[in-house]
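Undergrad: To be precise about what I am sending: the file is called target_23.txt and holds compact mmCIF, C-alpha atoms.
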# COMPACT_ATOMS: atom_id res chain seq x y z
CA MET A 24 0.00 0.00 0.00
CA ASP A 25 2.86 2.40 0.74
CA THR A 26 4.31 1.85 -2.70
CA GLU A 27 0.92 2.33 -4.38
CA GLU A 28 0.28 5.54 -2.44
CA GLN A 29 3.77 6.82 -3.26
CA VAL A 30 3.25 6.16 -6.98
CA TYR A 31 -0.20 7.75 -7.23
CA VAL A 32 -0.24 10.64 -4.74
CA GLY A 33 3.35 10.96 -3.53
CA ASP A 34 4.49 11.91 -0.04
CA THR A 35 3.89 15.40 1.37
CA ALA A 36 6.43 14.96 4.20
CA MET A 37 9.17 14.33 1.64
CA ASN A 38 7.71 16.88 -0.82
CA VAL A 39 7.40 14.20 -3.52
CA LYS A 40 4.56 14.32 -6.06
CA GLY A 41 2.79 11.25 -7.37
CA LEU A 42 1.50 10.49 -10.86
CA LEU A 43 -1.87 12.15 -10.14
CA LYS A 44 -0.50 15.40 -8.69
CA LEU A 45 2.45 16.34 -10.90
CA ALA A 46 3.11 20.01 -11.63
CA ASN A 47 3.06 21.52 -15.13
CA ILE A 48 0.75 18.90 -16.65
CA LYS A 49 -1.91 19.95 -19.17
CA THR A 50 -5.18 20.04 -17.17
CA ASN A 51 -8.68 20.63 -18.48
CA ASN A 52 -12.16 20.45 -17.00
CA ALA A 53 -14.85 18.21 -18.43
CA ALA A 54 -17.85 19.95 -19.98
CA LYS A 55 -20.07 18.00 -17.56
CA THR A 56 -19.87 14.96 -15.35
CA TRP A 57 -20.03 11.57 -17.02
CA SER A 58 -23.15 10.61 -15.07
CA GLN A 59 -24.97 13.42 -16.93
CA SER A 60 -23.30 12.77 -20.30
CA THR A 61 -24.23 10.68 -23.31
CA ALA A 62 -21.94 7.95 -24.63
CA ASP A 63 -20.76 10.29 -27.40
CA GLU A 64 -19.93 13.05 -24.91
CA ILE A 65 -17.92 10.62 -22.80
CA ARG A 66 -16.02 9.43 -25.89
CA ASP A 67 -15.38 13.07 -26.86
CA SER A 68 -13.96 13.86 -23.40
CA ILE A 69 -11.62 10.86 -23.62
CA ASN A 70 -10.49 11.81 -27.13
CA LYS A 71 -9.98 15.39 -25.90
CA ILE A 72 -7.57 14.38 -23.11
CA LEU A 73 -5.70 12.07 -25.51
CA SER A 74 -5.54 14.85 -28.11
CA ASP A 75 -4.29 17.38 -25.54
CA ALA A 76 -1.37 15.14 -24.56
CA TRP A 77 -0.68 14.30 -28.20
CA ALA A 78 -0.57 17.99 -29.16
CA ALA A 79 1.61 18.86 -26.13
CA SER A 80 4.12 16.20 -27.23
CA ALA A 81 4.35 17.82 -30.68
CA TYR A 82 2.25 14.96 -32.09
CA SER A 83 4.89 12.38 -31.28
CA MET A 84 2.95 10.17 -28.81
CA VAL A 85 -0.71 9.47 -28.09
CA PRO A 86 -1.05 8.18 -24.50
CA MET A 87 -1.81 4.45 -24.31
CA ASP A 88 -3.14 4.32 -20.73
CA LEU A 89 -6.15 5.99 -19.13
CA LEU A 90 -6.82 6.01 -15.39
CA ILE A 91 -10.29 6.90 -14.13
CA PRO A 92 -12.08 6.75 -10.74
CA PRO A 93 -13.86 3.48 -9.90
CA GLU A 94 -17.36 5.00 -10.16
CA GLN A 95 -16.70 6.20 -13.70
CA PHE A 96 -15.16 2.83 -14.58
CA ALA A 97 -18.32 1.10 -13.36
CA LEU A 98 -20.43 3.58 -15.35
CA LEU A 99 -18.51 2.80 -18.56
CA SER A 100 -18.98 -0.92 -18.03
CA THR A 101 -22.77 -0.57 -17.59
CA ILE A 102 -23.59 1.81 -20.46
CA LEU A 103 -24.48 -0.14 -23.59
CA VAL A 104 -23.38 1.23 -26.96
CA SER A 105 -26.43 0.05 -28.88
CA SER A 106 -29.90 -1.17 -28.10
CA ALA A 107 -28.76 -4.67 -29.12
CA GLY A 108 -26.83 -4.78 -25.83
CA ASN A 109 -23.84 -6.53 -27.35
CA GLN A 110 -21.06 -4.22 -26.13
CA SER A 111 -20.40 -1.94 -23.16
CA LEU A 112 -19.06 1.57 -23.64
CA LEU A 113 -15.87 0.47 -21.85
CA THR A 114 -15.18 -2.23 -24.45
CA TYR A 115 -16.17 0.09 -27.29
CA LEU A 116 -13.82 2.88 -26.17
CA LYS A 117 -10.76 0.63 -26.14
CA THR A 118 -10.76 0.42 -29.94
CA ASN A 119 -12.67 3.58 -30.88
CA THR A 120 -10.42 6.38 -29.68
CA ILE A 121 -7.49 8.12 -31.33
CA ASP A 122 -5.10 5.93 -29.34
CA TYR A 123 -6.12 2.78 -31.19
CA HIS A 124 -6.04 4.44 -34.59
CA GLN A 125 -2.65 6.09 -34.02
CA ASN A 126 -0.80 3.45 -31.94
CA GLY A 127 -2.53 0.33 -33.23
CA ILE A 128 -3.24 -1.09 -29.77
CA PRO A 129 -6.38 -0.82 -27.63
CA LEU A 130 -6.53 1.95 -25.03
CA ASN A 131 -5.72 0.51 -21.60
CA ILE A 132 -8.53 1.88 -19.38
CA ARG A 133 -8.13 1.10 -15.67
CA ALA A 134 -9.77 2.19 -12.43
CA ALA A 135 -7.66 3.84 -9.74
CA LYS A 136 -9.17 4.51 -6.32
CA TRP A 137 -6.78 7.42 -5.79
CA LEU A 138 -8.54 9.47 -8.50
CA LYS A 139 -11.81 9.76 -6.57
CA GLY A 140 -12.18 13.42 -5.55
CA ARG A 141 -8.65 14.25 -6.73
CA GLY A 142 -9.77 16.90 -9.24
CA VAL A 143 -10.84 20.52 -8.77
CA GLY A 144 -13.88 20.83 -6.50
CA ASN A 145 -13.34 17.29 -5.15
CA LYS A 146 -14.60 15.81 -8.40
CA GLY A 147 -13.12 12.86 -10.25
CA ARG A 148 -9.91 13.20 -12.25
CA MET A 149 -8.93 11.31 -15.40
CA VAL A 150 -5.26 10.79 -16.27
CA ALA A 151 -3.87 9.97 -19.71
CA TYR A 152 -0.28 8.73 -19.88
CA THR A 153 1.89 5.96 -21.30
CA ASN A 154 3.07 3.36 -18.80
CA GLU A 155 6.54 2.85 -20.26
CA LYS A 156 9.92 3.72 -18.72
CA GLN A 157 10.84 6.09 -21.51
CA TYR A 158 7.85 8.35 -20.63
CA VAL A 159 7.30 7.97 -16.87
CA ARG A 160 9.32 6.07 -14.23
CA PHE A 161 9.21 5.03 -10.62
CA SER A 162 12.53 3.99 -9.16
CA MET A 163 12.48 1.48 -6.35
CA VAL A 164 15.21 -0.57 -4.72
CA PRO A 165 14.35 -4.27 -4.73
CA LEU A 166 13.46 -5.68 -1.31
CA GLN A 167 16.43 -6.96 0.67
CA SER A 168 16.36 -9.32 3.64
CA ILE A 169 18.52 -9.80 6.67
CA PRO A 170 19.53 -13.32 7.79
CA ILE A 171 16.82 -15.44 9.39
CA GLN A 172 16.55 -15.09 13.16
CA TYR A 173 15.39 -18.13 15.12
CA HIS A 174 13.08 -17.66 18.12
CA GLY A 175 12.13 -21.12 19.38
CA LEU A 176 9.76 -22.62 16.83
CA TYR A 177 9.43 -19.32 14.99
CA GLN A 178 11.63 -17.87 12.29
CA LEU A 179 11.80 -14.11 11.84
CA THR A 180 12.85 -12.56 8.55
CA THR A 181 12.99 -8.79 8.14
CA TYR A 182 12.80 -7.17 4.72
CA TYR A 183 13.71 -3.62 3.87
CA GLY A 184 13.75 -1.40 0.78
CA ARG A 185 13.58 2.18 -0.40
CA LEU A 186 10.88 3.93 -2.36
CA GLY A 187 11.67 6.43 -5.07
CA ALA A 188 9.54 9.08 -6.70
CA VAL A 189 7.58 9.26 -9.93
CA GLU A 190 9.77 10.78 -12.62
CA PRO A 191 7.89 12.15 -15.63
CA VAL A 192 10.58 11.87 -18.29
CA TYR A 193 8.34 13.55 -20.88
CA ARG A 194 5.71 15.61 -19.05
CA GLU A 195 4.19 16.51 -22.38
CA THR A 196 2.85 12.98 -22.81
CA LEU A 197 0.63 13.27 -19.70
CA ALA A 198 -2.71 15.07 -19.35
CA TYR A 199 -5.36 15.51 -16.66
CA CYS A 200 -9.09 16.12 -16.95
CA ASP A 201 -11.08 17.11 -13.86
CA GLY A 202 -14.81 17.01 -13.19
CA ILE A 203 -15.65 13.74 -14.88
As C-alpha cells, what does this structure read like?
TA:
Amino acid sequence: MDTEEQVYVGDTAMNVKGLLKLANIKTNNAAKTWSQSTADEIRDSINKILSDAWAASAYSMVPMDLLIPPEQFALLSTILVSSAGNQSLLTYLKTNTIDYHQNGIPLNIRAAKWLKGRGVGNKGRMVAYTNEKQYVRFSMVPLQSIPIQYHGLYQLTTYYGRLGAVEPVYRETLAYCDGI
C-alpha cells in the first residue's frame, strides 16, 4: 500500500509528487460529469484528453493508458453502446479512440481509487499517460532481507527497501481532466 500511495499521490512529508499530482501537466475540466453525459460526450472527453497530450508532445505520442475513478469505470462498463446490448461503452472505447487508430493497440482503461475526488472541487480526475519507462518512471530498490533469526519454533525474517519518486521523463505525454 505504501508503494501504491507513493506512486499515485506521492508523499507530502518528503515533498514528492505522485502520478496524479504532478506540476506543469496539461489540465482541463470536463464539460459536464459523465453521469450526466451521453456515450458520445464521454467518448469526446476521452479523445480530448488524448488529443491534448498528443498535441503537447508535438504529435509524437498518443497516451496508451487511461486512469479513471472506480465510479466512472463502473459507469462505462454498464452503459451499452447500442440497443442490441452486445457491447459496453468500456469495451467500445478501447478500440474507438485516437489511441487505437494512431498506436494500433487498444486503449488501456483502468480504475484507480486514488482518483476519486482528486480533481478541482473534489470531483473525479482522469489521467492519460503511457506506462513505459521512456515516458514515466518510478525507481524502487528491490526488497532486501537480513539473515533469518530463530526464536524457538518461529523464524523471523525482516525485509527492507527504499521507495523512489515518480519521474515524468516527458511531461508533455501526460494530461489531466477534472470534473468527470
Undergrad: Measure the distance from atom CA of Tyr31 of chain A to atom CA of Trp137 of chain A in Å and round it to one decimal.
TA: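 Value for the atom CA of Tyr31 of chain A-atom CA of Trp137 of chain A distance: 6.7 Å.
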Undergrad: Any idea what the distance is between atom CA of Lys49 of chain A and atom CA of Ala36 of chain A?
TA: 25.3 Å
Undergrad: If you measure from atom CA of Val39 of chain A to atom CA of Glu190 of chain A, what distance in Å do you get, rounded to one decimal?
TA: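 Going from atom CA of Val39 of chain A over to atom CA of Glu190 of chain A covers 10.0 Å.
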Undergrad: Pick from A:Ala97, A:Ile65, A:Met84, A:Leu176: nearest to Leu116 of chain A, with all atoms listed in the file counted?
TA: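 Selected residue with least distance to Leu116 of chain A: A:Ile65.
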Undergrad: Pick out the closest residue to Tyr158 of chain A from this set: A:Arg141, A:His174, A:His124, A:Arg194. Count all atoms listed in the file.
TA: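 The answer is A:Arg194, which sits nearest to Tyr158 of chain A.
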Undergrad: So which one's closest to Arg133 of chain A, A:Glu64, A:Asp88, A:Glu155, A:Glu94? Using all atoms listed in the file, please.
TA: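 Checking each candidate against Arg133 of chain A, we get A:Asp88 as the closest.
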